[in-house]
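J.: Structure file model.cif (mmCIF, C-alpha atoms) is given on the next line.
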data_start
#
loop_
_atom_site.label_atom_id
_atom_site.label_comp_id
_atom_site.auth_asym_id
_atom_site.auth_seq_id
_atom_site.Cartn_x
_atom_site.Cartn_y
_atom_site.Cartn_z
CA MET K 1 -153.66 60.92 67.47
CA THR K 2 -155.74 63.88 68.64
CA ILE K 3 -155.80 66.59 65.95
CA LEU K 4 -158.26 68.96 67.66
CA GLU K 5 -158.83 69.49 71.37
CA VAL K 6 -161.48 71.90 72.64
CA ARG K 7 -161.44 72.60 76.37
CA ASP K 8 -164.22 74.43 78.22
CA LEU K 9 -164.74 76.87 75.34
CA LYS K 10 -166.79 79.96 76.15
CA LYS K 11 -167.96 82.88 74.03
CA THR K 12 -169.96 85.81 75.34
CA TYR K 13 -171.17 88.64 73.15
CA THR K 14 -171.75 92.00 74.82
CA GLY K 15 -174.05 94.63 73.36
CA ARG K 16 -173.29 98.33 73.16
CA PHE K 17 -172.45 99.88 76.51
CA GLY K 18 -172.51 96.39 78.04
CA ALA K 19 -176.31 96.49 78.23
CA GLN K 20 -176.84 92.96 76.93
CA ARG K 21 -174.75 89.81 77.27
CA VAL K 22 -175.37 86.68 75.21
CA GLU K 23 -173.57 83.46 76.12
CA ALA K 24 -173.23 81.70 72.78
CA LEU K 25 -170.84 79.05 74.14
CA LYS K 26 -170.98 78.07 77.81
CA GLY K 27 -168.22 75.49 78.18
CA VAL K 28 -167.84 73.30 75.10
CA SER K 29 -165.36 70.42 75.37
CA PHE K 30 -164.58 67.64 72.89
CA THR K 31 -161.72 66.13 70.91
CA VAL K 32 -161.36 65.04 67.29
CA GLU K 33 -158.92 62.30 66.32
CA ALA K 34 -156.93 62.36 63.10
CA GLY K 35 -158.97 60.73 60.33
CA GLU K 36 -162.36 61.26 62.01
CA TYR K 37 -165.45 62.58 60.26
CA VAL K 38 -167.51 64.53 62.80
CA ALA K 39 -170.81 66.34 62.24
CA ILE K 40 -172.05 69.08 64.59
CA MET K 41 -175.80 69.64 64.81
CA GLY K 42 -178.11 71.88 66.77
CA GLU K 43 -181.04 74.21 66.30
CA SER K 44 -180.56 77.83 65.29
CA GLY K 45 -179.08 79.76 68.19
CA SER K 46 -177.53 76.67 69.76
CA GLY K 47 -173.97 77.98 69.29
CA LYS K 48 -172.72 75.71 66.52
CA THR K 49 -171.91 78.54 64.07
CA THR K 50 -170.08 80.44 66.81
CA LEU K 51 -168.15 77.27 67.60
CA LEU K 52 -167.12 76.85 63.97
CA ASN K 53 -165.99 80.48 63.75
CA VAL K 54 -163.79 80.04 66.83
CA LEU K 55 -162.32 76.79 65.50
CA ALA K 56 -161.59 78.54 62.20
CA ALA K 57 -159.78 81.32 64.07
CA LEU K 58 -162.31 83.79 62.68
CA ASP K 59 -163.43 84.73 66.18
CA LYS K 60 -161.72 84.65 69.57
CA PRO K 61 -163.25 82.87 72.55
CA THR K 62 -164.02 84.58 75.84
CA GLY K 63 -162.56 81.63 77.71
CA GLY K 64 -161.26 78.12 77.24
CA THR K 65 -158.70 76.64 74.87
CA VAL K 66 -158.55 75.31 71.32
CA LEU K 67 -155.55 73.16 70.41
CA LEU K 68 -154.98 72.28 66.75
CA ASP K 69 -152.35 69.59 66.37
CA GLY K 70 -151.09 70.62 69.81
CA ARG K 71 -150.86 74.36 69.11
CA ASP K 72 -152.98 76.73 71.16
CA LEU K 73 -154.86 79.02 68.75
CA SER K 74 -154.60 81.87 71.25
CA THR K 75 -150.83 81.94 70.67
CA VAL K 76 -151.22 82.70 66.96
CA ARG K 77 -150.53 86.42 66.49
CA ASP K 78 -152.97 88.55 64.52
CA GLY K 79 -150.38 89.11 61.79
CA GLU K 80 -149.95 85.35 61.35
CA ILE K 81 -153.57 84.28 61.44
CA ALA K 82 -154.26 84.30 57.68
CA ALA K 83 -151.16 82.21 56.96
CA PHE K 84 -152.02 79.89 59.86
CA ARG K 85 -155.49 79.22 58.43
CA ARG K 86 -154.10 78.69 54.94
CA GLU K 87 -151.48 76.21 56.15
CA ASN K 88 -153.58 74.25 58.65
CA LEU K 89 -157.27 74.55 57.81
CA GLY K 90 -159.38 73.87 54.75
CA PHE K 91 -162.82 75.46 54.35
CA VAL K 92 -165.93 74.40 52.42
CA PHE K 93 -168.75 76.95 52.63
CA GLN K 94 -172.45 76.74 51.82
CA GLU K 95 -172.18 79.46 49.16
CA PHE K 96 -169.01 78.05 47.55
CA ASN K 97 -167.14 81.42 47.76
CA LEU K 98 -165.66 80.98 44.29
CA LEU K 99 -164.53 84.04 42.32
CA ASP K 100 -166.51 84.36 39.07
CA THR K 101 -163.66 86.16 37.31
CA PHE K 102 -161.30 83.23 38.00
CA SER K 103 -161.44 79.88 36.24
CA ILE K 104 -162.09 76.77 38.33
CA ARG K 105 -158.37 76.04 38.04
CA ASP K 106 -157.37 79.46 39.36
CA ASN K 107 -159.94 79.32 42.17
CA ILE K 108 -158.49 76.02 43.36
CA LEU K 109 -154.90 77.21 43.10
CA LEU K 110 -155.52 80.55 44.82
CA PRO K 111 -154.53 79.50 48.37
CA LEU K 112 -151.29 78.01 47.06
CA VAL K 113 -150.50 81.17 45.12
CA LEU K 114 -151.18 83.28 48.22
CA GLY K 115 -148.96 80.93 50.19
CA GLY K 116 -146.05 81.47 47.82
CA VAL K 117 -145.92 77.92 46.44
CA ARG K 118 -143.61 77.70 43.44
CA ALA K 119 -145.21 77.80 39.99
CA ASN K 120 -143.84 74.41 38.93
CA GLU K 121 -145.45 72.79 41.97
CA LEU K 122 -148.95 74.19 41.39
CA GLU K 123 -149.93 71.79 38.63
CA GLU K 124 -148.36 68.86 40.48
CA ARG K 125 -150.64 69.56 43.42
CA LEU K 126 -153.71 70.29 41.29
CA ILE K 127 -153.82 67.24 39.01
CA PRO K 128 -154.35 64.49 41.64
CA VAL K 129 -156.84 66.55 43.67
CA ALA K 130 -158.93 67.44 40.62
CA ALA K 131 -158.87 63.84 39.42
CA SER K 132 -159.94 62.46 42.79
CA LEU K 133 -162.93 64.82 42.86
CA GLY K 134 -163.90 64.24 39.23
CA ILE K 135 -163.50 67.83 38.05
CA THR K 136 -160.52 67.59 35.69
CA GLU K 137 -162.72 68.35 32.67
CA ILE K 138 -164.05 71.63 34.08
CA LEU K 139 -160.79 73.20 35.27
CA ASP K 140 -160.79 75.78 32.46
CA LYS K 141 -164.44 76.71 32.89
CA TYR K 142 -165.70 79.53 35.10
CA PRO K 143 -167.99 79.10 38.12
CA TYR K 144 -171.02 80.48 36.25
CA GLU K 145 -170.54 77.79 33.59
CA VAL K 146 -170.81 74.75 35.89
CA SER K 147 -173.44 73.19 38.14
CA GLY K 148 -173.85 73.73 41.87
CA GLY K 149 -172.47 70.28 42.58
CA GLN K 150 -169.41 70.96 40.44
CA LYS K 151 -168.89 74.28 42.21
CA GLN K 152 -168.94 72.55 45.56
CA ARG K 153 -166.46 69.93 44.33
CA ALA K 154 -164.21 72.79 43.20
CA ALA K 155 -164.58 74.36 46.65
CA ALA K 156 -163.61 71.04 48.22
CA ALA K 157 -160.57 70.84 45.92
CA ARG K 158 -159.54 74.35 46.96
CA ALA K 159 -159.82 73.31 50.60
CA LEU K 160 -157.81 70.11 50.12
CA ILE K 161 -155.02 71.39 47.88
CA THR K 162 -153.20 73.01 50.81
CA ARG K 163 -153.12 69.59 52.54
CA PRO K 164 -154.79 70.91 55.70
CA LYS K 165 -154.72 69.22 59.07
CA LEU K 166 -158.47 69.79 59.44
CA LEU K 167 -161.24 70.33 56.88
CA LEU K 168 -164.05 72.56 58.19
CA ALA K 169 -167.37 72.46 56.34
CA ASP K 170 -170.17 74.95 57.03
CA GLU K 171 -173.54 73.67 55.75
CA PRO K 172 -171.83 72.29 52.62
CA THR K 173 -175.06 70.86 51.16
CA GLY K 174 -177.24 73.85 52.05
CA ALA K 175 -177.23 75.41 48.57
CA LEU K 176 -177.43 72.14 46.61
CA ASP K 177 -180.30 70.15 45.15
CA SER K 178 -180.81 66.60 46.40
CA GLN K 179 -178.76 64.94 43.66
CA SER K 180 -175.81 67.34 44.00
CA SER K 181 -176.02 66.99 47.77
CA SER K 182 -175.80 63.20 47.56
CA GLU K 183 -172.83 63.46 45.19
CA LEU K 184 -171.00 65.84 47.52
CA LEU K 185 -171.61 63.63 50.56
CA ARG K 186 -170.14 60.69 48.65
CA VAL K 187 -167.13 62.90 47.89
CA PHE K 188 -166.77 63.73 51.59
CA GLU K 189 -166.83 60.03 52.45
CA GLN K 190 -164.15 59.46 49.80
CA ILE K 191 -162.05 62.32 51.21
CA ASN K 192 -162.37 60.89 54.71
CA ARG K 193 -161.43 57.37 53.58
CA ALA K 194 -158.28 58.92 52.06
CA GLY K 195 -157.32 59.99 55.59
CA HIS K 196 -158.57 63.59 55.81
CA THR K 197 -160.15 64.78 59.06
CA ILE K 198 -163.52 66.50 58.58
CA LEU K 199 -165.57 68.61 60.97
CA MET K 200 -168.91 69.60 59.46
CA VAL K 201 -171.63 71.89 60.82
CA THR K 202 -175.00 71.04 59.33
CA HIS K 203 -178.76 71.26 59.80
CA SER K 204 -179.21 68.28 57.48
CA THR K 205 -179.93 64.93 59.06
CA ASP K 206 -179.00 63.28 55.77
CA ALA K 207 -175.61 65.03 55.68
CA ALA K 208 -174.88 64.15 59.32
CA SER K 209 -175.78 60.50 58.73
CA HIS K 210 -172.68 60.17 56.54
CA ALA K 211 -170.35 61.12 59.42
CA LYS K 212 -168.71 58.72 61.85
CA ARG K 213 -169.74 60.73 64.91
CA VAL K 214 -172.40 63.37 65.54
CA LEU K 215 -172.15 66.02 68.27
CA PHE K 216 -175.33 67.81 69.34
CA ILE K 217 -175.05 71.37 70.65
CA ARG K 218 -177.80 72.83 72.80
CA ASP K 219 -177.75 76.09 74.74
CA GLY K 220 -174.02 76.55 74.17
CA VAL K 221 -172.81 73.14 75.36
CA VAL K 222 -172.27 69.69 73.88
CA PHE K 223 -175.48 68.00 74.97
CA HIS K 224 -175.13 64.54 73.43
CA GLN K 225 -173.18 62.57 70.85
CA LEU K 226 -173.76 59.54 68.64
CA TYR K 227 -171.17 57.16 67.26
CA ARG K 228 -171.76 55.36 63.97
CA GLY K 229 -170.31 52.07 65.12
CA GLU K 230 -171.70 49.38 62.81
CA SER K 231 -174.77 51.45 61.86
CA THR K 232 -175.65 52.02 58.23
CA ASN K 233 -176.38 55.54 57.00
CA GLU K 234 -180.10 54.76 57.24
CA GLN K 235 -179.80 53.51 60.83
CA LEU K 236 -177.69 56.50 61.88
CA TYR K 237 -180.21 58.80 60.15
CA GLN K 238 -182.96 57.39 62.35
CA LYS K 239 -180.88 57.77 65.51
CA ILE K 240 -180.13 61.38 64.61
CA SER K 241 -183.81 62.07 63.90
CA ASP K 242 -184.81 60.60 67.26
CA THR K 243 -182.19 62.70 69.07
CA LEU K 244 -183.28 65.90 67.33
CA THR K 245 -186.90 65.19 68.26
CA MET K 246 -185.85 64.73 71.86
CA LEU K 247 -183.87 67.98 71.76
CA ARG K 248 -186.87 69.92 70.48
CA ARG K 249 -188.96 68.54 73.32
CA GLY K 250 -186.29 69.56 75.82
CA GLY K 251 -185.70 66.03 77.00
CA ALA K 252 -182.52 64.40 78.23
CA ALA K 253 -180.41 62.09 76.11
CA GLU K 254 -180.16 58.53 77.25
#
Take the structure I supplied and represent it as structure tokens, if you would.
T.:
Amino acid sequence: MTILEVRDLKKTYTGRFGAQRVEALKGVSFTVEAGEYVAIMGESGSGKTTLLNVLAALDKPTGGTVLLDGRDLSTVRDGEIAAFRRENLGFVFQEFNLLDTFSIRDNILLPLVLGGVRANELEERLIPVAASLGITEILDKYPYEVSGGQKQRAAAARALITRPKLLLADEPTGALDSQSSSELLRVFEQINRAGHTILMVTHSTDAASHAKRVLFIRDGVVFHQLYRGESTNEQLYQKISDTLTMLRRGGAAE
């Protein structure tokens, strides 16, 4: 089943007085099936961050269509957008975005509280998510008391506790050391095996090599894609590296 459909997506930024126009997205089209794990890569300025912002309903496209589980994002009214994100999308950010004055428990539960979930249901939702991510023992600690890897696991728990249709990750390993990064990528694989759909924007070849499919964005369009198939992480890593080298040289994908 197709969970996300992007059709001919365009985004143009216009400077003051219309003096300068920048085409960040020039006609991006792709689909994501339920249960997929897709990485999006591209050099700075390629349009991948703009694409993620549009998919997250944080920015509106200039043209084209985004369908999430069959619903056109353009039909979501401004007054409904926050609730729509909370009910349909989960977010994992590079900088964690945890509140230092809230415990790990309260940070994870925050989207449910904002969504009006009943108090007796909060703990029922929290316990299995925290256990699956290995953070049960730190729920009563505060973000400044735990490691970067634990913070990112807490951020993943916060994203998953709403049971979103799509998990969006923006450079999730960017602020982590190599060990914490490896741990988080294993968590993402575990989350995906449990049936969650993940779309991750990353600069990291290592992070992308854990995905099932890699989309490459160049000059505002989807330039190429790789499927994992039977490849190991190491083999997919090499394919990604070769593709990125080709992109930097301005060549064409085979």
J.: If we count only C-alpha atoms, what is near Val146 in chain K at a cut-off of 12 Å, once residues fewer than 4 positions away on the same chain are taken out, given as a list in words?
T.: Leu98, Asp100, Ser103, Ile104, Ile135, Glu137, Ile138, Leu139, Asp140, Lys141, Tyr142, Gln150, Lys151, Gln152, Arg153 and Ala154 of chain K
J.: Tell me, in Å to one decimal, how far CA of Thr2 in chain K is from CA of Arg85 in chain K.
T.: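 That distance, rounded to one decimal, is 18.4 Å.
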J.: Of the candidates K:Glu95, K:Leu109, K:Val6, K:Ser44, which one gets nearest to Arg71 in chain K if we count all atoms listed in the file?
T.: K:Val6
J.: Can you turn the PyMOL selection byres ((chain K and resi 224) around 7) into a concrete residue list for this file, as a ChimeraX atom specification?
T.: /K:215-216,222-223,225,253
J.: Restrict the selected residues to C-alpha atoms and save them as a short mmCIF file (atom, residue, chain, number, x, y, z; two decimals), in the frame of the given file.
T.:
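See part_6.cif below for the written result:
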data_model
loop_
_atom_site.label_atom_id
_atom_site.label_comp_id
_atom_site.auth_asym_id
_atom_site.auth_seq_id
_atom_site.Cartn_x
_atom_site.Cartn_y
_atom_site.Cartn_z
CA LEU K 215 -172.15 66.02 68.27
CA PHE K 216 -175.33 67.81 69.34
CA VAL K 222 -172.27 69.69 73.88
CA PHE K 223 -175.48 68.00 74.97
CA GLN K 225 -173.18 62.57 70.85
CA ALA K 253 -180.41 62.09 76.11
#
J.: Please indicate the distance in Å from CA of Thr50 in chain K to CA of Gly220 in chain K, rounded to one decimal place.
T.: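 Separation of CA of Thr50 in chain K and CA of Gly220 in chain K: 9.2 Å.
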J.: To one decimal place, how far is CA of Ser241 in chain K from CA of Ser209 in chain K in Å?
T.: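 Computed distance, CA of Ser241 in chain K to CA of Ser209 in chain K, equals 9.7 Å.
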J.: Using all atoms listed in the file, pick whichever of K:Phe96, K:Pro164, K:Thr49, K:Ala156 has the shortest atom-to-atom distance to Pro143 in chain K.
T.: K:Phe96
J.: What residues come out when you apply the PyMOL selection byres ((chain K and resi 68) around 9) to this file, written as a list in words?
T.: Thr2, Ile3, Leu4, Glu5, Val6, Leu55, Val66, Leu67, Asp69, Gly70, Arg71, Asp72, Leu73, Asn88, Lys165 and Leu166 of chain K
J.: Restricting the calculation to only C-alpha atoms: of K:His210, K:Arg105, K:Arg7, K:His203, which residue gets closest to Glu234 in chain K?
T.: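 Among K:His210, K:Arg105, K:Arg7, K:His203, it is K:His210 that comes nearest to Glu234 in chain K.
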J.: Taking the file as I've supplied it (selection: the PyMOL selection byres ((chain K and resi 175-185) around 8)), which residues are included? Please answer as number ranges by chain.
T.: K: 94-95, 148-149, 152-153, 172-174, 186-189, 207, 210
J.: With C-alpha atoms retained, write the just-selected residues as a JSON list (two decimals), in the coordinates of the input.
T.:
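Output file again38.json is given in full below:
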[["chain", "number", "residue", "atom", "x", "y", "z"],
["K", 94, "GLN", "CA", -172.45, 76.74, 51.82],
["K", 95, "GLU", "CA", -172.18, 79.46, 49.16],
["K", 148, "GLY", "CA", -173.85, 73.73, 41.87],
["K", 149, "GLY", "CA", -172.47, 70.28, 42.58],
["K", 152, "GLN", "CA", -168.94, 72.55, 45.56],
["K", 153, "ARG", "CA", -166.46, 69.93, 44.33],
["K", 172, "PRO", "CA", -171.83, 72.29, 52.62],
["K", 173, "THR", "CA", -175.06, 70.86, 51.16],
["K", 174, "GLY", "CA", -177.24, 73.85, 52.05],
["K", 186, "ARG", "CA", -170.14, 60.69, 48.65],
["K", 187, "VAL", "CA", -167.13, 62.90, 47.89],
["K", 188, "PHE", "CA", -166.77, 63.73, 51.59],
["K", 189, "GLU", "CA", -166.83, 60.03, 52.45],
["K", 207, "ALA", "CA", -175.61, 65.03, 55.68],
["K", 210, "HIS", "CA", -172.68, 60.17, 56.54]]
J.: Which of these, K:Met1, K:Leu133, K:Phe102, K:Lys11, has the shortest distance to Ala194 in chain K once you count only C-alpha atoms?
T.: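 Result for the nearest residue to Ala194 in chain K: K:Leu133.
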J.: So which one's closest to Lys10 in chain K, K:Arg193, K:Asp219, K:Leu122, K:Val113? Using all atoms listed in the file, please.
T.: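 Going through K:Arg193, K:Asp219, K:Leu122, K:Val113 one by one, the smallest distance to Lys10 in chain K is for K:Asp219.
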J.: Between K:Leu168, K:Val129, K:Gln20, K:Ser46, which one has atoms that come closest to Gly90 in chain K, using all atoms listed in the file?
T.: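 With all atoms listed in the file as the atom set, the closest residue is K:Leu168.
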J.: Using only C-alpha atoms, what residues lie at most 12 Å away from (-150.5, 83.8, 49.8) (file coordinates), given as a list in words?
T.: Glu80, Ala82, Ala83, Phe84, Arg85, Arg86, Glu87, Leu109, Leu110, Pro111, Leu112, Val113, Leu114, Gly115, Gly116, Val117, Arg118 and Thr162 of chain K
J.: Which residues come within 6 Å of Gly27 in chain K, counting all atoms listed in the file, excluding same-chain residues fewer than 5 positions away, as a list in words?
T.: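 So the residues in contact are Asp8, Leu9, Lys10 and Val221 of chain K.
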J.: What would the file look like if the residues just selected were written as a short mmCIF file (atom, residue, chain, number, x, y, z; two decimals), in the frame of the given file with C-alpha atoms?
T.:
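Wrote selection.cif, looks like this:
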data_model
loop_
_atom_site.label_atom_id
_atom_site.label_comp_id
_atom_site.auth_asym_id
_atom_site.auth_seq_id
_atom_site.Cartn_x
_atom_site.Cartn_y
_atom_site.Cartn_z
CA ASP K 8 -164.22 74.43 78.22
CA LEU K 9 -164.74 76.87 75.34
CA LYS K 10 -166.79 79.96 76.15
CA VAL K 221 -172.81 73.14 75.36
#
